[in-house]
Amino acid sequence: MADHHDTHALVIGGTQGLGHAIAERLIADGCTNVIIAGRDIAKGKAAAAEIGATFRAVDLADTGAVMALVDDAATTMGRLDALVNAAAMTDRGSILDTTPDRWDQIMTANARSPFFAIQRTAQLAIDAGHPARVVNILSMVIHGGQSFLAPYSASKAALANVTRNAAQALRQHRIQVNGIACGWMDTPGEDMIQRRYHDGGDDWLAKAEAKQPFGMLVKPVHVAELASYMLSPSSGVMTGSVVDFDQHVAGAYPE
């Protein structure tokens with residue numbers, strides 16, 4: 001079991017779905033210093049109160065604000081030694097219909113802002129002389145993705161590369177950077193997406209899960225266990241790893 005009694009964590013995207021599950025898991029594992037961040041102030045305050053965390057508002061479209069958030073988190077908690085990049089923009093777009101503006105929006109939210117959140121976290125940890133751990137939430141689309149997720153897939157593939165590159169650059173400073181590439185997940189955000197983009201009815205989840213090998217979509221609580229481990233001393237020297245968390249094997253073909 002991961003021990004987070006000495007962890008000071010910032011979970012960007014921690015107000016709902018997987019990010020919220022990770023923050024909740026950290027607290028269950030002993031963490032008493034957790035800041036969750038997101039755009040929706042009302043939702044964020046309610047989510048923080050639910051699990052006993054602190055909320056900060058931030059919009060990933062503003063990279064400067066994200067960097068300022070990291071500084072604020074370190075000041076508020078006395079140090080910052082655990083960062084989770086869980087927020088993402090999942091708007092649809094293919095190679096044929098994605099606009100330059102939509103491409104820039106998605107790349108900023110999903111790759112640019114997380115990159116600079118990692119940078120600032122690392123700078124602060126190095127200056128303070130303590131180790132730190134980062135977990136980036138990726139997606140199985142890093143292996144290609146559906147045609148209607150072209151910019152999203154590109155942004156997550158970019159963040160996967162950032163994960164490995166940063167891990168290599170920061171290991172001498174005792175800063176670990178790992179990623180989790182999640183498959184199709186059962187979250188409130190996915191429910192909204194299915195209803196908005198794919199004509200999903202009230203039974204979309206039951207229908208989808210009936211077709212899966214393990215009879216379910218990926219559950220946030222399961223991924224949160226792995227994220228908590230990666231952010232804890234129990235992960236040892238693990239760094240630069242991108243773990244596929246799915247029931248479908250990338251590159252495999254139907255039997």
# chains A, B, ... in the order shown; residues from 1 in each chain; ligands from 1

$ residues_around --residues "A:Ala122" --least-positions-apart "3" --cutoff "12 Å" --atoms "only C-alpha atoms" --output "NGL selection string"
:A and (67 or 70-71 or 74 or 79-83 or 115-119 or 125-134 or 166-167 or 169-177)

$ select_by_dssp --residues "stretch 2-231 of chain A" --states "strand (DSSP E)" --output "PyMOL selection string"
chain A and resi 8-12+33-38+54-57+82-85+132-139+175-182

$ residues_around --residues "A:Asp59" --least-positions-apart "5" --cutoff "12 Å" --atoms "only C-alpha atoms" --output "list in words"
Ile12, Gly13, Ala37, Gly38, Arg39, Asp40, Ile41, Gly64, Ala65, Val66, Met67, Ala68, Leu69, Ala87, Ala88, Met89, Gln105, Thr108, Ala109, Asn110, Ser113 and Pro114 of chain A

$ write_last_selection --atoms "N, CA and C atoms" --output "JSON list (two decimals), in the first residue's frame"
[["chain", "number", "residue", "atom", "x", "y", "z"],
["A", 12, "ILE", "N", -4.01, 18.48, -11.11],
["A", 12, "ILE", "CA", -4.66, 19.35, -12.09],
["A", 12, "ILE", "C", -5.68, 18.51, -12.84],
["A", 13, "GLY", "N", -6.92, 18.93, -12.78],
["A", 13, "GLY", "CA", -8.01, 18.10, -13.29],
["A", 13, "GLY", "C", -8.58, 17.21, -12.21],
["A", 37, "ALA", "N", -7.33, 21.15, -8.89],
["A", 37, "ALA", "CA", -7.52, 22.33, -9.71],
["A", 37, "ALA", "C", -8.37, 22.02, -10.92],
["A", 38, "GLY", "N", -9.21, 22.98, -11.31],
["A", 38, "GLY", "CA", -10.05, 22.84, -12.48],
["A", 38, "GLY", "C", -10.70, 24.17, -12.83],
["A", 39, "ARG", "N", -11.48, 24.18, -13.91],
["A", 39, "ARG", "CA", -12.08, 25.44, -14.38],
["A", 39, "ARG", "C", -13.35, 25.82, -13.63],
["A", 40, "ASP", "N", -14.19, 24.82, -13.33],
["A", 40, "ASP", "CA", -15.51, 25.07, -12.76],
["A", 40, "ASP", "C", -15.39, 25.32, -11.26],
["A", 41, "ILE", "N", -15.59, 26.55, -10.83],
["A", 41, "ILE", "CA", -15.37, 26.91, -9.43],
["A", 41, "ILE", "C", -16.36, 26.22, -8.51],
["A", 64, "GLY", "N", 0.39, 30.36, -18.54],
["A", 64, "GLY", "CA", 0.96, 31.17, -17.47],
["A", 64, "GLY", "C", 0.23, 30.96, -16.15],
["A", 65, "ALA", "N", -1.09, 30.83, -16.23],
["A", 65, "ALA", "CA", -1.88, 30.59, -15.02],
["A", 65, "ALA", "C", -1.57, 29.23, -14.42],
["A", 66, "VAL", "N", -1.30, 28.26, -15.28],
["A", 66, "VAL", "CA", -0.95, 26.93, -14.80],
["A", 66, "VAL", "C", 0.39, 26.97, -14.05],
["A", 67, "MET", "N", 1.35, 27.68, -14.60],
["A", 67, "MET", "CA", 2.64, 27.81, -13.92],
["A", 67, "MET", "C", 2.49, 28.55, -12.59],
["A", 68, "ALA", "N", 1.64, 29.57, -12.57],
["A", 68, "ALA", "CA", 1.38, 30.30, -11.33],
["A", 68, "ALA", "C", 0.70, 29.40, -10.31],
["A", 69, "LEU", "N", -0.15, 28.52, -10.79],
["A", 69, "LEU", "CA", -0.82, 27.55, -9.91],
["A", 69, "LEU", "C", 0.20, 26.67, -9.20],
["A", 87, "ALA", "N", -6.07, 16.70, -16.30],
["A", 87, "ALA", "CA", -7.07, 17.44, -17.08],
["A", 87, "ALA", "C", -6.77, 17.30, -18.57],
["A", 88, "ALA", "N", -7.82, 17.37, -19.38],
["A", 88, "ALA", "CA", -7.62, 17.28, -20.83],
["A", 88, "ALA", "C", -8.83, 17.84, -21.57],
["A", 89, "MET", "N", -8.57, 18.33, -22.75],
["A", 89, "MET", "CA", -9.63, 18.77, -23.66],
["A", 89, "MET", "C", -9.85, 17.64, -24.66],
["A", 105, "GLN", "N", -5.91, 24.96, -29.47],
["A", 105, "GLN", "CA", -6.58, 24.86, -28.17],
["A", 105, "GLN", "C", -6.29, 23.52, -27.50],
["A", 108, "THR", "N", -2.56, 23.11, -26.56],
["A", 108, "THR", "CA", -2.22, 23.92, -25.39],
["A", 108, "THR", "C", -2.71, 23.26, -24.11],
["A", 109, "ALA", "N", -3.95, 22.84, -24.10],
["A", 109, "ALA", "CA", -4.54, 22.24, -22.90],
["A", 109, "ALA", "C", -3.90, 20.90, -22.54],
["A", 110, "ASN", "N", -3.62, 20.09, -23.55],
["A", 110, "ASN", "CA", -3.22, 18.70, -23.29],
["A", 110, "ASN", "C", -1.72, 18.45, -23.32],
["A", 113, "SER", "N", 0.48, 23.15, -21.61],
["A", 113, "SER", "CA", 0.32, 23.49, -20.20],
["A", 113, "SER", "C", 0.87, 22.40, -19.27],
["A", 114, "PRO", "N", 0.61, 21.11, -19.53],
["A", 114, "PRO", "CA", 1.24, 20.09, -18.70],
["A", 114, "PRO", "C", 2.77, 20.13, -18.75]]

$ residues_around --residues "A:Arg112" --least-positions-apart "4" --cutoff "10 Å" --atoms "only C-alpha atoms" --output "PyMOL selection string"
chain A and resi 60-63+104-108+116-117+155+158-159+162

$ residues_around --residues "stretch 34-36 of chain A" --least-positions-apart "5" --cutoff "12 Å" --atoms "only C-alpha atoms" --output "VMD selection string"
chain A and resid 4 to 16 18 to 29 41 43 to 58 69 to 70 72 to 87

$ select_by_dssp --residues "stretch 72-234 of chain A" --states "helix (DSSP H, G or I)" --output "JSON, numbers by chain"
{"A": [72, 73, 74, 75, 76, 77, 100, 101, 102, 103, 104, 105, 106, 107, 108, 109, 110, 111, 112, 113, 114, 115, 116, 117, 118, 119, 120, 121, 122, 123, 124, 125, 126, 127, 128, 140, 141, 142, 143, 150, 151, 152, 153, 154, 155, 156, 157, 158, 159, 160, 161, 162, 163, 164, 165, 166, 167, 168, 169, 170, 171, 172, 173, 188, 189, 190, 191, 192, 193, 194, 195, 196, 197, 204, 205, 206, 207, 208, 209, 210, 220, 221, 222, 223, 224, 225, 226, 227, 228, 229, 230, 233, 234]}

$ write_last_selection --atoms "C-alpha atoms" --output "mmCIF file, in the first residue's frame"
data_model
loop_
_atom_site.group_PDB
_atom_site.id
_atom_site.type_symbol
_atom_site.label_atom_id
_atom_site.label_comp_id
_atom_site.auth_asym_id
_atom_site.auth_seq_id
_atom_site.Cartn_x
_atom_site.Cartn_y
_atom_site.Cartn_z
ATOM 1 C CA ASP A 72 0.835 28.837 -5.406
ATOM 2 C CA ALA A 73 0.538 25.148 -4.532
ATOM 3 C CA ALA A 74 4.139 25.001 -3.344
ATOM 4 C CA THR A 75 3.698 28.143 -1.259
ATOM 5 C CA THR A 76 0.386 27.029 0.221
ATOM 6 C CA MET A 77 1.595 23.549 1.197
ATOM 7 C CA PRO A 100 -6.053 25.485 -36.751
ATOM 8 C CA ASP A 101 -7.717 27.183 -33.788
ATOM 9 C CA ARG A 102 -9.091 23.884 -32.436
ATOM 10 C CA TRP A 103 -5.691 22.220 -32.925
ATOM 11 C CA ASP A 104 -3.976 24.996 -30.964
ATOM 12 C CA GLN A 105 -6.585 24.855 -28.173
ATOM 13 C CA ILE A 106 -6.230 21.107 -27.705
ATOM 14 C CA MET A 107 -2.438 21.095 -27.930
ATOM 15 C CA THR A 108 -2.217 23.924 -25.391
ATOM 16 C CA ALA A 109 -4.538 22.241 -22.897
ATOM 17 C CA ASN A 110 -3.216 18.700 -23.289
ATOM 18 C CA ALA A 111 0.498 19.136 -23.978
ATOM 19 C CA ARG A 112 1.783 22.715 -23.617
ATOM 20 C CA SER A 113 0.322 23.490 -20.197
ATOM 21 C CA PRO A 114 1.244 20.087 -18.696
ATOM 22 C CA PHE A 115 4.799 20.502 -20.052
ATOM 23 C CA PHE A 116 5.230 23.799 -18.224
ATOM 24 C CA ALA A 117 3.535 22.480 -15.089
ATOM 25 C CA ILE A 118 6.186 19.761 -14.999
ATOM 26 C CA GLN A 119 8.921 22.291 -15.705
ATOM 27 C CA ARG A 120 7.882 24.577 -12.855
ATOM 28 C CA THR A 121 7.392 21.670 -10.438
ATOM 29 C CA ALA A 122 10.878 20.418 -11.262
ATOM 30 C CA GLN A 123 12.452 23.862 -10.925
ATOM 31 C CA LEU A 124 10.935 24.333 -7.478
ATOM 32 C CA ALA A 125 11.955 20.851 -6.310
ATOM 33 C CA ILE A 126 15.524 21.319 -7.536
ATOM 34 C CA ASP A 127 15.792 24.737 -5.903
ATOM 35 C CA ALA A 128 14.447 23.326 -2.620
ATOM 36 C CA MET A 140 -4.452 4.557 -25.458
ATOM 37 C CA VAL A 141 -4.864 6.925 -28.419
ATOM 38 C CA ILE A 142 -1.107 7.529 -28.186
ATOM 39 C CA HIS A 143 -0.855 4.363 -30.304
ATOM 40 C CA ALA A 150 -6.928 13.380 -34.492
ATOM 41 C CA PRO A 151 -5.807 16.446 -32.467
ATOM 42 C CA TYR A 152 -6.541 14.767 -29.139
ATOM 43 C CA SER A 153 -4.459 11.748 -30.153
ATOM 44 C CA ALA A 154 -1.612 13.986 -31.280
ATOM 45 C CA SER A 155 -1.679 15.935 -28.022
ATOM 46 C CA LYS A 156 -1.561 12.813 -25.865
ATOM 47 C CA ALA A 157 1.212 11.314 -28.001
ATOM 48 C CA ALA A 158 3.156 14.529 -27.461
ATOM 49 C CA LEU A 159 2.633 14.272 -23.691
ATOM 50 C CA ALA A 160 3.799 10.650 -23.768
ATOM 51 C CA ASN A 161 7.054 11.823 -25.326
ATOM 52 C CA VAL A 162 7.312 14.634 -22.782
ATOM 53 C CA THR A 163 6.913 11.998 -20.055
ATOM 54 C CA ARG A 164 9.914 9.993 -21.224
ATOM 55 C CA ASN A 165 12.020 13.003 -22.166
ATOM 56 C CA ALA A 166 11.438 14.723 -18.833
ATOM 57 C CA ALA A 167 12.145 11.502 -16.951
ATOM 58 C CA GLN A 168 15.536 11.258 -18.644
ATOM 59 C CA ALA A 169 16.350 14.905 -18.022
ATOM 60 C CA LEU A 170 15.269 14.973 -14.367
ATOM 61 C CA ARG A 171 16.405 11.629 -12.988
ATOM 62 C CA GLN A 172 19.692 13.009 -11.659
ATOM 63 C CA HIS A 173 17.606 15.388 -9.565
ATOM 64 C CA PRO A 188 -18.937 11.669 -15.950
ATOM 65 C CA GLY A 189 -16.984 13.317 -18.755
ATOM 66 C CA GLU A 190 -17.318 10.238 -20.941
ATOM 67 C CA ASP A 191 -21.042 10.140 -20.239
ATOM 68 C CA MET A 192 -21.326 13.704 -21.502
ATOM 69 C CA ILE A 193 -19.261 12.896 -24.587
ATOM 70 C CA GLN A 194 -21.331 9.846 -25.480
ATOM 71 C CA ARG A 195 -24.554 11.820 -25.226
ATOM 72 C CA ARG A 196 -23.210 14.899 -27.048
ATOM 73 C CA TYR A 197 -21.232 13.331 -29.866
ATOM 74 C CA TRP A 204 -25.006 3.524 -23.462
ATOM 75 C CA LEU A 205 -22.750 2.370 -20.616
ATOM 76 C CA ALA A 206 -24.521 -0.955 -20.146
ATOM 77 C CA LYS A 207 -24.366 -1.618 -23.886
ATOM 78 C CA ALA A 208 -20.692 -0.667 -24.079
ATOM 79 C CA GLU A 209 -19.663 -2.747 -21.086
ATOM 80 C CA ALA A 210 -21.520 -5.810 -22.363
ATOM 81 C CA PRO A 220 -11.178 5.451 -12.283
ATOM 82 C CA VAL A 221 -10.752 3.800 -8.883
ATOM 83 C CA HIS A 222 -8.518 1.131 -10.419
ATOM 84 C CA VAL A 223 -6.308 3.624 -12.260
ATOM 85 C CA ALA A 224 -6.098 5.745 -9.108
ATOM 86 C CA GLU A 225 -4.427 2.861 -7.282
ATOM 87 C CA LEU A 226 -1.645 2.775 -9.872
ATOM 88 C CA ALA A 227 -1.243 6.557 -9.850
ATOM 89 C CA SER A 228 -0.948 6.557 -6.058
ATOM 90 C CA TYR A 229 1.748 3.891 -6.288
ATOM 91 C CA MET A 230 3.686 5.851 -8.929
ATOM 92 C CA PRO A 233 8.203 5.962 -2.392
ATOM 93 C CA SER A 234 6.967 2.425 -3.065
#

$ atom_distance --atom1 "atom CA of A:Leu138" --atom2 "atom CA of A:Thr98"
20.8 Å
